[in-house]
$ cat entry-v5.txt   # compact mmCIF, C-alpha atoms
# COMPACT_ATOMS: atom_id res chain seq x y z
CA ASP A 1 0.00 0.00 0.00
CA ASN A 2 2.85 2.42 0.81
CA ILE A 3 4.52 1.57 -2.48
CA ILE A 4 1.32 2.31 -4.37
CA GLN A 5 0.83 5.61 -2.56
CA ASN A 6 4.42 6.70 -3.29
CA GLN A 7 3.97 5.85 -6.95
CA LEU A 8 0.71 7.80 -7.24
CA GLU A 9 2.22 10.91 -5.60
CA ARG A 10 4.37 11.36 -8.70
CA PHE A 11 1.33 12.29 -10.76
CA SER A 12 -0.65 15.55 -10.85
CA PRO A 13 -4.27 15.63 -9.55
CA ALA A 14 -5.57 15.72 -13.12
CA GLU A 15 -3.52 12.69 -14.10
CA LYS A 16 -4.67 10.84 -11.00
CA ASN A 17 -8.29 11.41 -11.88
CA LEU A 18 -7.85 10.35 -15.50
CA SER A 19 -5.73 7.27 -15.14
CA SER A 20 -5.38 6.33 -11.47
CA SER A 21 -7.18 3.02 -11.97
CA ARG A 22 -4.84 2.00 -14.78
CA GLN A 23 -1.80 3.11 -12.79
CA VAL A 24 -2.86 1.16 -9.71
CA ASN A 25 -3.45 -1.96 -11.81
CA GLU A 26 -0.01 -1.62 -13.38
CA ILE A 27 1.65 -1.20 -9.98
CA TYR A 28 -0.18 -4.22 -8.60
CA LYS A 29 0.90 -6.22 -11.63
CA ASP A 30 4.52 -5.22 -11.02
CA LEU A 31 4.21 -6.26 -7.37
CA ARG A 32 2.69 -9.61 -8.32
CA ASP A 33 5.57 -10.20 -10.72
CA VAL A 34 8.07 -9.38 -7.97
CA TRP A 35 6.42 -11.76 -5.51
CA ALA A 36 6.28 -14.47 -8.18
CA GLU A 37 10.07 -14.21 -8.56
CA VAL A 38 10.55 -14.17 -4.78
CA GLY A 39 8.39 -17.29 -4.57
CA LEU A 40 10.75 -19.11 -6.91
CA LEU A 41 13.83 -18.08 -4.92
CA ALA A 42 12.46 -18.35 -1.37
CA PRO A 43 9.06 -20.09 -1.27
CA ALA A 44 8.80 -20.17 2.55
CA TYR A 45 9.52 -16.44 2.83
CA ALA A 46 6.99 -15.54 0.13
CA GLU A 47 4.33 -17.77 1.70
CA GLN A 48 4.68 -16.02 5.07
CA ARG A 49 5.08 -12.43 3.88
CA HIS A 50 2.71 -12.52 0.91
CA PRO A 51 0.23 -15.35 1.54
CA GLN A 52 -2.37 -16.29 -1.03
CA PRO A 53 -5.86 -17.58 -0.18
CA ALA A 54 -5.82 -21.32 0.34
CA THR A 55 -7.85 -23.12 -2.32
CA PHE A 56 -10.33 -25.91 -1.66
CA ALA A 57 -7.94 -28.31 -3.39
CA GLN A 58 -5.12 -27.30 -1.01
CA ILE A 59 -7.28 -27.71 2.09
CA LYS A 60 -8.63 -31.03 0.81
CA SER A 61 -5.09 -32.28 0.16
CA LEU A 62 -4.03 -31.11 3.62
CA LEU A 63 -6.87 -33.00 5.30
CA GLU A 64 -5.97 -36.16 3.39
CA ASN A 65 -2.31 -35.89 4.37
CA LEU A 66 -3.03 -35.21 8.04
CA GLN A 67 -5.11 -38.39 8.38
CA SER A 68 -6.23 -37.25 11.83
CA ASN A 69 -10.01 -36.94 11.35
CA VAL A 70 -10.34 -33.17 11.69
CA ALA A 71 -13.07 -30.90 10.39
CA ILE A 72 -12.81 -27.32 9.16
CA VAL A 73 -15.74 -24.91 9.45
CA GLN A 74 -15.11 -21.88 7.24
CA LEU A 75 -17.61 -19.10 7.98
CA TYR A 76 -18.49 -16.23 5.65
CA LYS A 77 -20.63 -13.22 6.48
CA THR A 78 -22.44 -11.37 3.71
CA LYS A 79 -24.98 -8.56 3.85
CA ASN A 80 -27.97 -10.80 4.53
CA ARG A 81 -26.65 -14.19 5.53
CA ILE A 82 -23.95 -16.27 7.19
CA VAL A 83 -22.58 -19.24 5.25
CA ALA A 84 -20.70 -22.19 6.72
CA LEU A 85 -18.52 -24.42 4.53
CA ILE A 86 -17.63 -27.67 6.26
CA LEU A 87 -14.61 -29.60 5.02
CA ARG A 88 -14.00 -33.21 6.05
CA GLU A 89 -11.41 -35.76 5.06
CA GLY A 90 -12.51 -37.73 2.03
CA ALA A 91 -15.23 -35.29 0.98
CA SER A 92 -15.19 -34.26 -2.68
CA THR A 93 -17.14 -31.05 -1.98
CA PRO A 94 -17.79 -28.95 1.14
CA ILE A 95 -21.05 -29.21 3.06
CA VAL A 96 -22.90 -25.89 3.01
CA HIS A 97 -25.17 -24.36 5.65
CA GLU A 98 -26.79 -20.93 5.44
CA LEU A 99 -28.34 -18.62 8.02
CA GLN A 100 -30.44 -15.74 6.77
CA ILE A 101 -29.84 -12.62 8.87
CA THR A 102 -29.70 -8.93 8.01
CA SER A 103 -26.69 -6.80 8.91
CA ARG A 104 -28.89 -4.73 11.23
CA LYS A 105 -30.08 -7.77 13.15
CA PHE A 106 -26.57 -9.19 13.31
CA GLN A 107 -25.29 -5.92 14.77
CA PHE A 108 -28.07 -6.08 17.37
CA TYR A 109 -26.68 -9.38 18.66
CA VAL A 110 -23.09 -8.10 18.60
CA ASP A 111 -24.20 -5.12 20.72
CA LEU A 112 -26.10 -7.50 22.99
CA PHE A 113 -22.95 -9.60 23.47
CA GLN A 114 -21.01 -6.48 24.44
CA LYS A 115 -23.66 -5.53 27.00
CA GLU A 116 -24.13 -9.01 28.46
CA ILE A 117 -20.51 -10.15 28.49
CA GLN A 118 -17.91 -7.48 27.78
CA GLU A 119 -19.63 -4.73 29.77
CA TYR A 120 -20.97 -6.98 32.51
CA PRO A 121 -19.41 -4.88 35.33
CA LEU A 122 -21.30 -1.84 34.04
CA TYR A 123 -24.73 -3.37 33.45
CA GLY A 124 -24.71 -6.36 35.81
CA ASP A 125 -26.48 -9.61 35.03
CA THR A 126 -28.73 -8.91 32.05
CA GLY A 127 -29.01 -12.53 30.91
CA TYR A 128 -27.27 -14.64 28.28
CA SER A 129 -29.11 -14.33 24.99
CA TRP A 130 -26.55 -12.95 22.52
CA ASP A 131 -26.11 -16.42 20.99
CA VAL A 132 -29.80 -17.15 20.29
CA PHE A 133 -29.55 -16.42 16.57
CA LEU A 134 -26.71 -18.93 16.11
CA GLN A 135 -27.94 -21.86 18.20
CA SER A 136 -29.94 -23.74 15.57
CA PHE A 137 -27.30 -22.89 12.92
CA PHE A 138 -24.54 -24.56 14.92
CA GLU A 139 -26.83 -27.42 15.90
CA GLU A 140 -26.95 -28.28 12.18
CA ILE A 141 -23.19 -27.85 11.84
CA LEU A 142 -22.55 -30.21 14.77
CA VAL A 143 -24.28 -33.03 12.89
CA ASP A 144 -21.80 -32.71 10.02
CA VAL A 145 -18.67 -32.50 12.21
CA SER A 146 -19.71 -35.44 14.39
CA GLY A 147 -16.81 -37.73 15.24
CA ALA A 148 -14.08 -35.20 14.43
CA LYS A 149 -11.18 -35.15 16.87
CA VAL A 150 -10.75 -31.40 16.34
CA VAL A 151 -12.99 -28.83 14.65
CA TYR A 152 -11.17 -25.77 13.30
CA ILE A 153 -13.43 -22.71 13.15
CA ILE A 154 -12.46 -19.93 10.74
CA PRO A 155 -14.61 -16.83 11.40
CA HIS A 156 -15.13 -13.96 8.95
CA GLN A 157 -15.43 -10.21 9.46
CA GLU A 158 -17.49 -9.35 12.59
CA LEU A 159 -17.80 -13.03 13.51
CA HIS A 160 -14.28 -12.67 14.89
CA PHE A 161 -15.80 -10.50 17.65
CA LEU A 162 -18.00 -13.30 19.03
CA PRO A 163 -16.86 -16.23 21.21
CA LEU A 164 -18.34 -18.90 18.98
CA HIS A 165 -17.13 -21.66 21.29
CA ALA A 166 -19.52 -20.29 23.95
CA ILE A 167 -22.66 -20.69 21.83
CA ARG A 168 -25.20 -22.90 23.57
CA VAL A 169 -26.48 -25.91 21.65
CA ASN A 170 -29.23 -27.82 23.46
CA ASN A 171 -28.35 -25.94 26.67
CA GLU A 172 -24.68 -26.95 26.53
CA PHE A 173 -21.72 -24.84 25.43
CA LEU A 174 -20.33 -25.74 22.04
CA PHE A 175 -16.80 -26.33 23.35
CA ARG A 176 -18.16 -29.04 25.68
CA LYS A 177 -19.62 -30.96 22.74
CA VAL A 178 -16.61 -31.02 20.42
CA PRO A 179 -12.90 -30.06 20.68
CA LEU A 180 -12.49 -26.65 19.03
CA ALA A 181 -9.68 -24.49 17.71
CA TYR A 182 -9.72 -21.13 15.95
CA SER A 183 -7.80 -19.92 12.92
CA PRO A 184 -7.88 -16.34 11.59
CA SER A 185 -7.96 -17.62 8.00
CA SER A 186 -7.74 -20.77 5.89
CA THR A 187 -4.34 -19.60 4.62
CA VAL A 188 -2.91 -19.44 8.14
CA LEU A 189 -4.45 -22.80 9.04
CA ASN A 190 -3.01 -24.39 5.92
CA PHE A 191 0.44 -23.01 6.75
CA ILE A 192 0.35 -24.02 10.44
CA LEU A 193 -0.93 -27.54 9.84
CA ASN A 194 1.63 -28.09 7.09
CA ILE A 195 4.36 -27.10 9.54
CA LYS A 196 2.94 -29.52 12.10
CA ASN A 197 2.64 -32.28 9.54
CA ASN A 198 6.20 -32.04 8.18
CA GLY A 199 7.84 -31.33 11.55
CA MET A 200 9.52 -28.06 10.55
CA TYR A 201 9.29 -26.66 14.09
CA GLN A 202 9.13 -28.48 17.41
CA LYS A 203 8.64 -25.51 19.75
CA ALA A 204 6.55 -22.35 19.84
CA LYS A 205 6.64 -19.21 21.95
CA VAL A 206 3.13 -17.89 22.64
CA PHE A 207 2.22 -14.48 24.06
CA GLY A 208 -1.12 -13.28 25.36
CA LEU A 209 -2.68 -9.97 26.35
CA THR A 210 -5.43 -9.48 28.90
CA PRO A 211 -7.35 -6.25 29.57
CA ASN A 212 -7.28 -7.08 33.30
CA PRO A 213 -4.05 -5.63 34.81
CA ASP A 214 -4.32 -8.04 37.76
CA GLU A 215 -3.96 -11.13 35.59

$ encode --input "entry-v5.txt" --output "structure tokens"
Amino acid sequence: DNIIQNQLERFSPAEKNLSSSRQVNEIYKDLRDVWAEVGLLAPAYAEQRHPQPATFAQIKSLLENLQSNVAIVQLYKTKNRIVALILREGASTPIVHELQITSRKFQFYVDLFQKEIQEYPLYGDTGYSWDVFLQSFFEEILVDVSGAKVVYIIPHQELHFLPLHAIRVNNEFLFRKVPLAYSPSSTVLNFILNIKNNGMYQKAKVFGLTPNPDE
């Protein structure tokens, strides 16, 4: 982004208005060419610094190679719905579930979560109902991940703000029904599981941050 901005600053306002789209496309093409060359010289570096979205074929191949009976639940949020793509070992296509919900209604539940959970000291006990709109959705998903040793959940957009593991399904928290793990994206999950599978690294240093200064 900084490279693009520096390149565009060379042009006058009139030139920017007339041909900025073409200029940006040319700059992006140059950058893609550079990263393509870097990928040939140092694949591991390019994969970490300039990752590309993992394809279904890559994830499918990864699941087959792991041979550990895991499931991946890739979530997508659009304007009027939430879509879940479930990937299992041996499946030729993902299983799809959809939940119809408007952005306005979704935001209502995000605000409700903040009031009930995040701002609990301010409002006190106001109940636990932020997860109502997702309960039946994840009840369906649980059927299709049954038997998995680990279920990797990949949220999308504002879904990252919600503790999906704490959704209640049949009056029981989701994390008590199936072992769960989060990944910020399918690309990161593909990279991490490949590392685990080929034994590149044996140790990890993990850091955490808590908003409570006493912890």

$ atom_distance --input "entry-v5.txt" --atom1 "atom CA of A:Glu139" --atom2 "atom CA of A:Gly90"
22.4 Å

$ closest_atom_pairs --input "entry-v5.txt" --of "stretch 90-123 of chain A" --to "stretch 58-82 of chain A" --cutoff "10 Å" --atoms "all atoms listed in the file" --output "tab-separated table"
residue	atom	partner	partner_atom	distance
A:Gly90	CA	A:Glu64	CA	6.9
A:Ala91	CA	A:Lys60	CA	7.9
A:Ser92	CA	A:Lys60	CA	8.1
A:Thr93	CA	A:Lys60	CA	9.0
A:Pro94	CA	A:Lys60	CA	9.4
A:Ile95	CA	A:Val73	CA	9.4
A:Val96	CA	A:Val73	CA	9.7
A:His97	CA	A:Ile82	CA	8.3
A:Glu98	CA	A:Ile82	CA	5.7
A:Leu99	CA	A:Ile82	CA	5.0
A:Gln100	CA	A:Arg81	CA	4.3
A:Ile101	CA	A:Arg81	CA	4.9
A:Thr102	CA	A:Asn80	CA	4.3
A:Ser103	CA	A:Lys79	CA	5.6
A:Arg104	CA	A:Asn80	CA	9.1
A:Lys105	CA	A:Asn80	CA	9.4
A:Phe106	CA	A:Asn80	CA	9.0

$ atom_distance --input "entry-v5.txt" --atom1 "atom CA of A:Glu158" --atom2 "atom CA of A:Arg32"
29.1 Å

$ closest_residue --input "entry-v5.txt" --among "A:Val188, A:Val110, A:Leu142, A:Ile154" --to "A:Leu174" --atoms "all atoms listed in the file"
A:Leu142

$ closest_residue --input "entry-v5.txt" --among "A:Glu119, A:Glu89, A:Glu26, A:Glu37" --to "A:Ala148" --atoms "all atoms listed in the file"
A:Glu89

$ residues_around --input "entry-v5.txt" --residues "A:Ala166" --least-positions-apart "2" --cutoff "12 Å" --atoms "only C-alpha atoms" --output "number ranges by chain"
A: 113, 117, 128-132, 134-135, 138, 162-164, 168-169, 171-178, 180

$ atom_distance --input "entry-v5.txt" --atom1 "atom CA of A:Asn190" --atom2 "atom CA of A:Ala57"
11.2 Å

$ closest_residue --input "entry-v5.txt" --among "A:Ala181, A:Ile86, A:Leu122, A:Leu112" --to "A:Val145" --atoms "all atoms listed in the file"
A:Ile86

$ closest_residue --input "entry-v5.txt" --among "A:Phe137, A:Tyr28, A:Tyr109, A:Phe56" --to "A:Arg88" --atoms "all atoms listed in the file"
A:Phe56
